[in-house]
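Working notes, beginning with the structure itself.
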Amino acid sequence: MKKHFILSILIIAAVRIEAQPLDLKSRLLAIPGEVRGDSLTVQSPNVLKIEPAAKHRLEITHKGYLGFGTMIVFGALSWYFHQEAETTYNLYLHSGKFSEMKHYFDKTIKYDRLTGWSYAGFQVGFLITVISFNR
Amino acid sequence: MKFIIIPIIALLIISCSEREHLNPFDPENPDTHGAPTGLVIVSNRNRIDLSWDPMDINGLSYYQIYRSVDSYNLSLHDSVTANFTYWVDRPVEYDRVYRYAIRACTVDDVSNLSDTLKIIPGPVNFIIADFYNFSVQKLTYDGEHVLMTNYQDSPIAIEVSSTLQKIFIADYWNEQIIISNWNLSSINSFNLHDRPLDMAFDPQLNRLYILGLDKKQILIYSTTGMITDSLPAPTSLPFGSHLCLDPKQRSLWISVPERDTIFQINLSASNRISVHPGIHKPRKIYAGPIDGGCWAATSEGIVNIENDGSVNNYLSEYFIYDISINAENGDVYYTGYNKNTQEWETGYLNRLANFEPVPLLGKETPYLYCIRVVPVAGQSGFLVLQGGTWNLLRFDQNGNQIGAIGQYSSRLDIELD
């Protein structure tokens, strides 16, 4: 789960946010020849004025909500089934009765399988979430 | 898209796991097969001790002990409650084959039988000083089980006093004698200020005779560590020199392979030295337990020097690697290589038949460098060190292998307790 979360953060961080260029070159050419290159006597202070980039709004779409919800539901299910599998496996490990041992082991396998499927669902939710950013 | 899908598939793959049957009681467990594990078996004279690993399962009530004597058919012999993981069988009879296995029982089910282990109890144990493996070990009578191990820096020679129930260990590099009890625990030590090469014990006077390498001397100590005397060695002593004591004639014998000579120091005649030259590369030497004198393993057979100085040579076409003398009847057991047939042979010289050689093992058991016989009346069993495998092999009196244990180095001193 932790690994998955870190991976999500990394992918979100990789989405490019485009900014307007400062167009510094053309502004520099506009400076008179006698003061160009002399930073102490800049007579046109507006030349180096930094203009803020246009804001790019990160919108969450319906698809994004669906993906995120799927992730939450299947992540919780996956955790629950995993806990159940661990509990039954511990019961199996210390059982001194063959029939009980088999019962616990089979149950562990069943929970492990459910954990796997839930995890797959979580992955699908994650995939939908990531795709929702791709506009 | 590939950028996203590939890590997801990778995550799916690494998130897969497989459960293993790790309950020790589970017959599908690949390690235990549902049976108790860690079964260890040792014998010490007329008792056999069994121990095993505890089984951490619910409802465990008791362990069943299965046993057979001189047969493979195990039958239920005894049971112990689940609190115990050991069991003692006594009294047991010597030279009989005991086999044991155990089974764990819970309130509902019973486990599979553990591996079956075999042991042959006997009147003695072997004590092995392994110079290059830095250890002193006690082995069971059948030479297949380790009773106990104690680590020493450089144990080059050992002597055993049955009456004092002490083991004397000569430590080469530390130049000291370590006194151990029957359990190989060190109880005392004393410094020699000379590197010991070999050692002999005098049970009548409770004295230790120690061959000193650096100062070319024979140190005489009491068993409490008091020096009583020191004698100059008749020559310089190389690493392969050996010493033995003939308590009957009160003589010390020293073999010096580099000089092809054996020296005799007569302790009852003012330490008079007799020189016996022309003995090719004498190795281990032993005093004759019945007739006195000295027996030596040489590169040209087995040499016997009698008390009057006469020399007898047996198996002169053999390169004899080691000899051991049955203290009960004087038979001389040997292991060597026949230079004519180019085959290895192990056997004994029958004292009652004028030291006629009796081969016991042939070329099928080669490279036997060291031998130690079990002292019994009549034909005897023995323990040998095999080069190459570096295992100790235990044979019964008929030459049938009854045990094996490894691995040891080439320089051993073997005693019996």
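Numbering starts fresh at 1 for the residues of each chain in the structure tokens, the chains themselves are lettered A, B, ... in the order given, and ligands are numbered from 1 as they appear.
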
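Within 7 Å of chain A, and using only C-alpha atoms, the residues found on chain B are Ile8, Leu22, Asn23, Phe25, Asp56, Ile57, Asn58, Gly59, Leu60, Thr106, Asp108 and Asp109 of chain B.
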
If you run DSSP on this backbone, which residues of range 147-351 of chain B come out as strand (DSSP E or B), and could you give them as a compact mmCIF listing (two decimals) with N, CA and C atoms, in the first residue's frame?
```
# COMPACT_ATOMS: atom_id res chain seq x y z
N LEU B 147 29.55 -37.09 21.40
CA LEU B 147 29.05 -36.92 22.77
C LEU B 147 29.25 -35.48 23.23
N MET B 148 30.43 -34.95 22.99
CA MET B 148 30.71 -33.56 23.38
C MET B 148 31.96 -33.08 22.65
N THR B 149 32.08 -31.76 22.55
CA THR B 149 33.22 -31.15 21.87
C THR B 149 33.74 -30.00 22.73
N ASN B 150 35.04 -29.88 22.77
CA ASN B 150 35.64 -28.72 23.43
C ASN B 150 36.72 -28.18 22.49
N TYR B 151 36.78 -26.88 22.34
CA TYR B 151 37.74 -26.29 21.40
C TYR B 151 39.00 -25.85 22.13
N PRO B 155 45.53 -28.75 20.09
CA PRO B 155 45.68 -29.99 20.86
C PRO B 155 46.49 -31.02 20.07
N ILE B 156 47.71 -31.26 20.50
CA ILE B 156 48.59 -32.14 19.72
C ILE B 156 48.63 -33.55 20.28
N ALA B 157 48.36 -33.69 21.58
CA ALA B 157 48.39 -35.03 22.18
C ALA B 157 47.44 -35.07 23.37
N ILE B 158 46.88 -36.25 23.60
CA ILE B 158 46.02 -36.41 24.79
C ILE B 158 46.39 -37.70 25.52
N GLU B 159 46.17 -37.68 26.81
CA GLU B 159 46.31 -38.87 27.63
C GLU B 159 45.13 -38.92 28.58
N VAL B 160 44.73 -40.13 28.93
CA VAL B 160 43.55 -40.30 29.76
C VAL B 160 43.92 -41.09 31.01
N SER B 161 43.46 -40.61 32.15
CA SER B 161 43.63 -41.38 33.38
C SER B 161 42.25 -41.85 33.83
N LYS B 166 40.43 -38.07 34.54
CA LYS B 166 40.89 -36.79 33.99
C LYS B 166 41.48 -37.03 32.60
N ILE B 167 41.40 -35.97 31.80
CA ILE B 167 41.96 -36.01 30.46
C ILE B 167 43.04 -34.92 30.39
N PHE B 168 44.23 -35.28 29.94
CA PHE B 168 45.34 -34.33 29.83
C PHE B 168 45.53 -33.99 28.36
N ILE B 169 45.47 -32.72 28.05
CA ILE B 169 45.57 -32.27 26.65
C ILE B 169 46.81 -31.40 26.52
N ALA B 170 47.73 -31.80 25.63
CA ALA B 170 48.94 -31.00 25.39
C ALA B 170 48.62 -29.97 24.30
N ASP B 171 48.79 -28.69 24.65
CA ASP B 171 48.50 -27.60 23.71
C ASP B 171 49.82 -27.08 23.15
N GLN B 176 51.25 -25.55 26.98
CA GLN B 176 50.68 -25.90 28.28
C GLN B 176 49.95 -27.24 28.23
N ILE B 177 49.69 -27.75 29.42
CA ILE B 177 48.88 -28.95 29.56
C ILE B 177 47.56 -28.52 30.17
N ILE B 178 46.48 -28.90 29.52
CA ILE B 178 45.14 -28.57 30.02
C ILE B 178 44.56 -29.84 30.64
N ILE B 179 44.10 -29.70 31.86
CA ILE B 179 43.49 -30.85 32.53
C ILE B 179 41.97 -30.70 32.45
N SER B 180 41.33 -31.69 31.87
CA SER B 180 39.87 -31.64 31.70
C SER B 180 39.23 -32.76 32.49
N SER B 186 37.54 -27.85 30.93
CA SER B 186 38.86 -27.60 31.51
C SER B 186 38.72 -27.28 32.99
N ILE B 187 39.51 -27.97 33.79
CA ILE B 187 39.45 -27.69 35.23
C ILE B 187 40.77 -27.10 35.75
N ASN B 188 41.84 -27.27 34.98
CA ASN B 188 43.13 -26.73 35.41
C ASN B 188 44.07 -26.74 34.21
N SER B 189 45.19 -26.02 34.34
CA SER B 189 46.21 -26.07 33.29
C SER B 189 47.54 -25.65 33.90
N PHE B 190 48.61 -26.07 33.27
CA PHE B 190 49.93 -25.61 33.72
C PHE B 190 50.84 -25.41 32.52
N ASN B 191 51.75 -24.43 32.69
CA ASN B 191 52.62 -24.04 31.58
C ASN B 191 53.87 -24.90 31.54
N PRO B 196 55.05 -28.73 23.37
CA PRO B 196 54.98 -30.19 23.49
C PRO B 196 54.76 -30.86 22.14
N LEU B 197 55.41 -31.99 21.94
CA LEU B 197 55.23 -32.76 20.69
C LEU B 197 54.37 -33.99 20.93
N ASP B 198 54.64 -34.64 22.03
CA ASP B 198 53.88 -35.85 22.36
C ASP B 198 53.94 -36.04 23.87
N MET B 199 53.10 -36.93 24.34
CA MET B 199 52.96 -37.07 25.79
C MET B 199 52.65 -38.53 26.11
N ALA B 200 53.14 -38.98 27.27
CA ALA B 200 52.82 -40.33 27.74
C ALA B 200 52.43 -40.24 29.20
N PHE B 201 51.51 -41.11 29.60
CA PHE B 201 51.04 -41.08 30.99
C PHE B 201 51.44 -42.37 31.70
N ASP B 202 51.95 -42.20 32.91
CA ASP B 202 52.33 -43.35 33.72
C ASP B 202 51.26 -43.55 34.79
N ARG B 207 52.29 -39.85 36.56
CA ARG B 207 53.21 -38.86 36.00
C ARG B 207 52.97 -38.71 34.51
N LEU B 208 53.26 -37.49 34.06
CA LEU B 208 53.16 -37.20 32.62
C LEU B 208 54.57 -36.99 32.07
N TYR B 209 54.89 -37.66 30.97
CA TYR B 209 56.17 -37.48 30.28
C TYR B 209 55.88 -36.71 29.00
N ILE B 210 56.51 -35.57 28.87
CA ILE B 210 56.18 -34.67 27.75
C ILE B 210 57.42 -34.39 26.93
N LEU B 211 57.31 -34.61 25.64
CA LEU B 211 58.43 -34.37 24.73
C LEU B 211 58.42 -32.89 24.33
N GLY B 212 59.48 -32.15 24.72
CA GLY B 212 59.55 -30.70 24.44
C GLY B 212 60.35 -30.43 23.18
N GLN B 217 63.94 -31.67 25.24
CA GLN B 217 63.93 -32.28 26.57
C GLN B 217 62.68 -33.13 26.77
N ILE B 218 62.74 -33.92 27.82
CA ILE B 218 61.57 -34.68 28.25
C ILE B 218 61.21 -34.15 29.64
N LEU B 219 60.04 -33.54 29.71
CA LEU B 219 59.59 -32.96 30.97
C LEU B 219 58.76 -33.99 31.71
N ILE B 220 58.97 -34.08 33.00
CA ILE B 220 58.21 -35.04 33.81
C ILE B 220 57.40 -34.24 34.84
N TYR B 221 56.11 -34.37 34.75
CA TYR B 221 55.20 -33.60 35.62
C TYR B 221 54.31 -34.56 36.41
N SER B 222 53.91 -34.09 37.58
CA SER B 222 52.86 -34.82 38.31
C SER B 222 51.52 -34.42 37.69
N ILE B 227 56.35 -29.88 38.39
CA ILE B 227 57.43 -30.50 37.61
C ILE B 227 58.29 -31.33 38.57
N THR B 228 58.56 -32.54 38.19
CA THR B 228 59.36 -33.41 39.06
C THR B 228 60.77 -33.62 38.50
N ASP B 229 60.91 -33.54 37.20
CA ASP B 229 62.24 -33.76 36.61
C ASP B 229 62.20 -33.35 35.14
N SER B 230 63.38 -33.20 34.56
CA SER B 230 63.45 -33.04 33.11
C SER B 230 64.73 -33.73 32.62
N LEU B 231 64.60 -34.40 31.49
CA LEU B 231 65.73 -35.15 30.93
C LEU B 231 66.08 -34.54 29.58
N PRO B 232 67.36 -34.42 29.27
CA PRO B 232 67.70 -33.93 27.93
C PRO B 232 67.39 -35.01 26.89
N HIS B 242 57.75 -38.94 18.17
CA HIS B 242 56.73 -39.47 19.08
C HIS B 242 57.39 -40.09 20.31
N LEU B 243 56.55 -40.23 21.34
CA LEU B 243 57.03 -40.73 22.62
C LEU B 243 56.05 -41.76 23.15
N CYS B 244 56.59 -42.83 23.80
CA CYS B 244 55.70 -43.74 24.52
C CYS B 244 56.42 -44.24 25.77
N LEU B 245 55.63 -44.72 26.68
CA LEU B 245 56.19 -45.22 27.95
C LEU B 245 55.86 -46.70 28.08
N ASP B 246 56.88 -47.46 28.42
CA ASP B 246 56.67 -48.87 28.72
C ASP B 246 56.66 -49.00 30.25
N SER B 251 60.68 -47.85 30.72
CA SER B 251 61.47 -47.26 29.64
C SER B 251 60.65 -46.25 28.86
N LEU B 252 61.32 -45.20 28.45
CA LEU B 252 60.70 -44.24 27.53
C LEU B 252 61.27 -44.51 26.15
N TRP B 253 60.42 -44.47 25.14
CA TRP B 253 60.86 -44.69 23.77
C TRP B 253 60.55 -43.43 22.96
N ILE B 254 61.50 -43.02 22.15
CA ILE B 254 61.32 -41.81 21.33
C ILE B 254 61.65 -42.15 19.88
N SER B 255 60.74 -41.86 18.98
CA SER B 255 61.01 -42.08 17.54
C SER B 255 61.40 -40.75 16.91
N VAL B 256 62.46 -40.79 16.08
CA VAL B 256 62.91 -39.59 15.38
C VAL B 256 63.01 -39.94 13.89
N THR B 261 65.83 -43.37 13.52
CA THR B 261 66.32 -43.92 14.80
C THR B 261 65.21 -43.92 15.85
N ILE B 262 65.29 -44.93 16.71
CA ILE B 262 64.44 -44.94 17.92
C ILE B 262 65.37 -44.97 19.12
N PHE B 263 65.11 -44.10 20.08
CA PHE B 263 65.92 -44.03 21.30
C PHE B 263 65.13 -44.64 22.45
N GLN B 264 65.87 -45.30 23.33
CA GLN B 264 65.24 -45.87 24.52
C GLN B 264 65.92 -45.25 25.75
N ILE B 265 65.14 -44.72 26.66
CA ILE B 265 65.69 -44.18 27.91
C ILE B 265 65.20 -45.08 29.04
N ASN B 266 66.12 -45.75 29.66
CA ASN B 266 65.77 -46.68 30.72
C ASN B 266 65.66 -45.92 32.04
N ARG B 272 69.66 -44.46 31.38
CA ARG B 272 70.62 -44.88 30.36
C ARG B 272 69.93 -44.87 28.99
N ILE B 273 70.64 -44.33 28.00
CA ILE B 273 70.05 -44.19 26.66
C ILE B 273 70.58 -45.30 25.75
N SER B 274 69.67 -45.99 25.09
CA SER B 274 70.05 -46.97 24.07
C SER B 274 69.58 -46.43 22.72
N VAL B 275 70.41 -46.59 21.72
CA VAL B 275 70.09 -46.07 20.39
C VAL B 275 69.82 -47.25 19.46
N HIS B 276 68.70 -47.14 18.72
CA HIS B 276 68.35 -48.20 17.76
C HIS B 276 68.28 -47.57 16.38
N ILE B 285 54.81 -44.75 17.82
CA ILE B 285 55.37 -45.88 18.55
C ILE B 285 54.50 -46.19 19.77
N TYR B 286 54.47 -47.47 20.12
CA TYR B 286 53.67 -47.90 21.27
C TYR B 286 54.46 -48.94 22.05
N ALA B 287 54.25 -48.97 23.36
CA ALA B 287 54.90 -49.99 24.18
C ALA B 287 54.06 -51.27 24.11
N CYS B 294 59.04 -52.11 22.36
CA CYS B 294 58.45 -51.01 21.59
C CYS B 294 58.03 -51.49 20.22
N TRP B 295 56.89 -51.02 19.77
CA TRP B 295 56.39 -51.30 18.43
C TRP B 295 56.34 -49.97 17.67
N ALA B 296 56.80 -50.00 16.43
CA ALA B 296 56.83 -48.76 15.65
C ALA B 296 56.27 -48.98 14.26
N ALA B 297 55.51 -47.99 13.78
CA ALA B 297 55.06 -47.98 12.37
C ALA B 297 56.16 -47.30 11.57
N THR B 298 56.70 -47.97 10.56
CA THR B 298 57.81 -47.39 9.78
C THR B 298 57.49 -47.47 8.29
N GLY B 301 57.63 -51.44 7.10
CA GLY B 301 56.97 -52.44 7.92
C GLY B 301 56.81 -52.05 9.37
N ILE B 302 56.42 -53.05 10.16
CA ILE B 302 56.23 -52.85 11.61
C ILE B 302 57.48 -53.37 12.31
N VAL B 303 58.05 -52.53 13.14
CA VAL B 303 59.29 -52.91 13.82
C VAL B 303 58.99 -53.10 15.31
N ASN B 304 59.49 -54.23 15.82
CA ASN B 304 59.37 -54.50 17.25
C ASN B 304 60.77 -54.56 17.86
N ILE B 305 61.05 -53.69 18.81
CA ILE B 305 62.33 -53.71 19.52
C ILE B 305 62.07 -54.32 20.89
N VAL B 311 65.75 -56.68 17.32
CA VAL B 311 64.76 -56.01 16.47
C VAL B 311 64.09 -57.04 15.56
N ASN B 312 62.76 -57.03 15.54
CA ASN B 312 61.99 -57.91 14.64
C ASN B 312 61.23 -57.02 13.67
N ASN B 313 61.18 -57.47 12.42
CA ASN B 313 60.48 -56.68 11.40
C ASN B 313 59.36 -57.52 10.80
N TYR B 314 58.17 -56.91 10.71
CA TYR B 314 57.01 -57.58 10.13
C TYR B 314 56.48 -56.73 8.98
N TYR B 318 55.60 -53.26 3.36
CA TYR B 318 54.50 -52.29 3.54
C TYR B 318 55.04 -50.95 4.03
N PHE B 319 54.42 -49.89 3.57
CA PHE B 319 54.60 -48.58 4.21
C PHE B 319 53.50 -48.51 5.27
N ILE B 320 53.89 -48.63 6.52
CA ILE B 320 52.89 -48.66 7.60
C ILE B 320 52.61 -47.23 8.06
N TYR B 321 51.36 -46.84 7.95
CA TYR B 321 50.99 -45.48 8.34
C TYR B 321 50.75 -45.35 9.84
N ASP B 322 50.14 -46.36 10.43
CA ASP B 322 49.88 -46.27 11.87
C ASP B 322 49.67 -47.66 12.43
N ILE B 323 49.93 -47.78 13.72
CA ILE B 323 49.63 -49.03 14.42
C ILE B 323 48.89 -48.71 15.71
N SER B 324 48.22 -49.72 16.24
CA SER B 324 47.56 -49.59 17.54
C SER B 324 47.55 -50.97 18.17
N ILE B 325 47.82 -51.04 19.45
CA ILE B 325 47.98 -52.36 20.08
C ILE B 325 46.80 -52.64 21.01
N VAL B 332 48.72 -56.50 17.30
CA VAL B 332 49.15 -55.21 16.76
C VAL B 332 48.34 -54.91 15.50
N TYR B 333 47.46 -53.95 15.57
CA TYR B 333 46.64 -53.56 14.43
C TYR B 333 47.40 -52.54 13.59
N TYR B 334 47.29 -52.64 12.31
CA TYR B 334 48.06 -51.75 11.44
C TYR B 334 47.21 -51.29 10.27
N THR B 335 47.63 -50.19 9.67
CA THR B 335 47.07 -49.76 8.40
C THR B 335 48.24 -49.30 7.54
N GLY B 336 48.30 -49.79 6.32
CA GLY B 336 49.46 -49.49 5.48
C GLY B 336 49.24 -49.78 4.02
N TYR B 337 50.29 -49.58 3.28
CA TYR B 337 50.24 -49.66 1.82
C TYR B 337 51.30 -50.67 1.37
N ASN B 338 50.85 -51.69 0.64
CA ASN B 338 51.76 -52.72 0.15
C ASN B 338 52.49 -52.18 -1.09
N GLU B 343 48.63 -51.81 -3.10
CA GLU B 343 47.28 -51.81 -2.55
C GLU B 343 47.32 -51.52 -1.05
N TRP B 344 46.24 -50.90 -0.59
CA TRP B 344 46.13 -50.59 0.83
C TRP B 344 45.62 -51.81 1.59
N GLU B 345 46.04 -51.90 2.84
CA GLU B 345 45.58 -53.04 3.65
C GLU B 345 45.53 -52.63 5.12
N THR B 346 44.52 -53.13 5.80
CA THR B 346 44.39 -52.93 7.24
C THR B 346 44.17 -54.30 7.88
N GLY B 347 44.86 -54.57 8.95
CA GLY B 347 44.71 -55.88 9.60
C GLY B 347 45.41 -55.87 10.94
N TYR B 348 45.77 -57.06 11.38
CA TYR B 348 46.48 -57.12 12.67
C TYR B 348 47.48 -58.28 12.69
N LEU B 349 48.50 -58.14 13.54
CA LEU B 349 49.47 -59.20 13.75
C LEU B 349 48.99 -59.97 14.98
N ASN B 350 48.71 -61.24 14.78
CA ASN B 350 48.15 -62.06 15.84
C ASN B 350 49.26 -62.53 16.77
```

Contacts of range 137-141 of chain B at 7 Å (only C-alpha atoms; same-chain gap of 6+ positions) as a ChimeraX atom specification: /B:42-44,120-122,124-129,147-150

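Note that CA of Gly330 in chain B and CA of Val376 in chain B are 10.2 Å apart.
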
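Of note, CA of Lys248 in chain B and CA of Pro289 in chain B are spaced 8.0 Å apart.
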
Excluding Gly406 in chain B and residues on its chain fewer than 6 positions from it, collect all residues at most 12 Å away from it, counting only C-alpha atoms, and give them as a PDB file with N, CA and C atoms, in the first residue's frame.
```
ATOM      1  N   ILE B 128      39.080 -37.713  20.656  1.00  0.00           N
ATOM      2  CA  ILE B 128      39.871 -37.333  19.485  1.00  0.00           C
ATOM      3  C   ILE B 128      40.447 -35.936  19.709  1.00  0.00           C
ATOM      4  N   ASP B 130      42.114 -33.168  17.676  1.00  0.00           N
ATOM      5  CA  ASP B 130      42.294 -32.819  16.261  1.00  0.00           C
ATOM      6  C   ASP B 130      43.116 -31.527  16.208  1.00  0.00           C
ATOM      7  N   ASN B 133      41.990 -28.883  13.493  1.00  0.00           N
ATOM      8  CA  ASN B 133      40.614 -28.388  13.639  1.00  0.00           C
ATOM      9  C   ASN B 133      40.377 -27.794  15.024  1.00  0.00           C
ATOM     10  N   GLN B 137      37.236 -33.923  20.904  1.00  0.00           N
ATOM     11  CA  GLN B 137      35.872 -34.435  20.784  1.00  0.00           C
ATOM     12  C   GLN B 137      35.767 -35.799  21.437  1.00  0.00           C
ATOM     13  N   LEU B 139      33.623 -39.171  21.085  1.00  0.00           N
ATOM     14  CA  LEU B 139      32.705 -39.889  20.203  1.00  0.00           C
ATOM     15  C   LEU B 139      32.161 -41.120  20.912  1.00  0.00           C
ATOM     16  N   GLY B 143      31.390 -44.787  17.062  1.00  0.00           N
ATOM     17  CA  GLY B 143      32.089 -43.806  16.222  1.00  0.00           C
ATOM     18  C   GLY B 143      31.178 -43.017  15.305  1.00  0.00           C
ATOM     19  N   GLU B 144      29.913 -42.923  15.631  1.00  0.00           N
ATOM     20  CA  GLU B 144      28.987 -42.253  14.720  1.00  0.00           C
ATOM     21  C   GLU B 144      28.313 -41.035  15.335  1.00  0.00           C
ATOM     22  N   HIS B 145      28.456 -40.855  16.613  1.00  0.00           N
ATOM     23  CA  HIS B 145      27.763 -39.750  17.283  1.00  0.00           C
ATOM     24  C   HIS B 145      28.756 -38.987  18.160  1.00  0.00           C
ATOM     25  N   VAL B 146      28.592 -37.674  18.179  1.00  0.00           N
ATOM     26  CA  VAL B 146      29.464 -36.829  19.010  1.00  0.00           C
ATOM     27  C   VAL B 146      28.827 -36.673  20.378  1.00  0.00           C
ATOM     28  N   VAL B 384      39.341 -45.896  12.278  1.00  0.00           N
ATOM     29  CA  VAL B 384      40.407 -45.466  11.367  1.00  0.00           C
ATOM     30  C   VAL B 384      40.059 -44.117  10.747  1.00  0.00           C
ATOM     31  N   LEU B 385      41.099 -43.369  10.424  1.00  0.00           N
ATOM     32  CA  LEU B 385      40.911 -42.096   9.722  1.00  0.00           C
ATOM     33  C   LEU B 385      41.192 -42.321   8.249  1.00  0.00           C
ATOM     34  N   GLN B 386      40.238 -41.958   7.400  1.00  0.00           N
ATOM     35  CA  GLN B 386      40.432 -42.133   5.958  1.00  0.00           C
ATOM     36  C   GLN B 386      40.813 -40.798   5.321  1.00  0.00           C
ATOM     37  N   GLY B 387      41.963 -40.781   4.663  1.00  0.00           N
ATOM     38  CA  GLY B 387      42.383 -39.586   3.935  1.00  0.00           C
ATOM     39  C   GLY B 387      41.481 -39.361   2.736  1.00  0.00           C
ATOM     40  N   GLY B 388      41.413 -38.140   2.271  1.00  0.00           N
ATOM     41  CA  GLY B 388      40.529 -37.825   1.137  1.00  0.00           C
ATOM     42  C   GLY B 388      39.164 -37.426   1.628  1.00  0.00           C
ATOM     43  N   THR B 389      38.454 -38.381   2.222  1.00  0.00           N
ATOM     44  CA  THR B 389      37.145 -38.035   2.805  1.00  0.00           C
ATOM     45  C   THR B 389      37.340 -37.377   4.174  1.00  0.00           C
ATOM     46  N   TRP B 390      38.442 -37.709   4.823  1.00  0.00           N
ATOM     47  CA  TRP B 390      38.762 -37.235   6.184  1.00  0.00           C
ATOM     48  C   TRP B 390      37.651 -37.570   7.173  1.00  0.00           C
ATOM     49  N   ASN B 391      37.092 -38.764   6.963  1.00  0.00           N
ATOM     50  CA  ASN B 391      36.100 -39.277   7.906  1.00  0.00           C
ATOM     51  C   ASN B 391      36.756 -40.300   8.819  1.00  0.00           C
ATOM     52  N   LEU B 392      36.197 -40.417  10.006  1.00  0.00           N
ATOM     53  CA  LEU B 392      36.590 -41.520  10.879  1.00  0.00           C
ATOM     54  C   LEU B 392      35.621 -42.660  10.620  1.00  0.00           C
ATOM     55  N   LEU B 393      36.155 -43.823  10.322  1.00  0.00           N
ATOM     56  CA  LEU B 393      35.322 -44.986  10.028  1.00  0.00           C
ATOM     57  C   LEU B 393      35.477 -45.992  11.162  1.00  0.00           C
ATOM     58  N   ARG B 394      34.351 -46.509  11.611  1.00  0.00           N
ATOM     59  CA  ARG B 394      34.385 -47.476  12.717  1.00  0.00           C
ATOM     60  C   ARG B 394      34.039 -48.839  12.155  1.00  0.00           C
TER      61      ARG B 394
END
```

CA of Gly309 in chain B to CA of Gly293 in chain B measures 8.5 Å
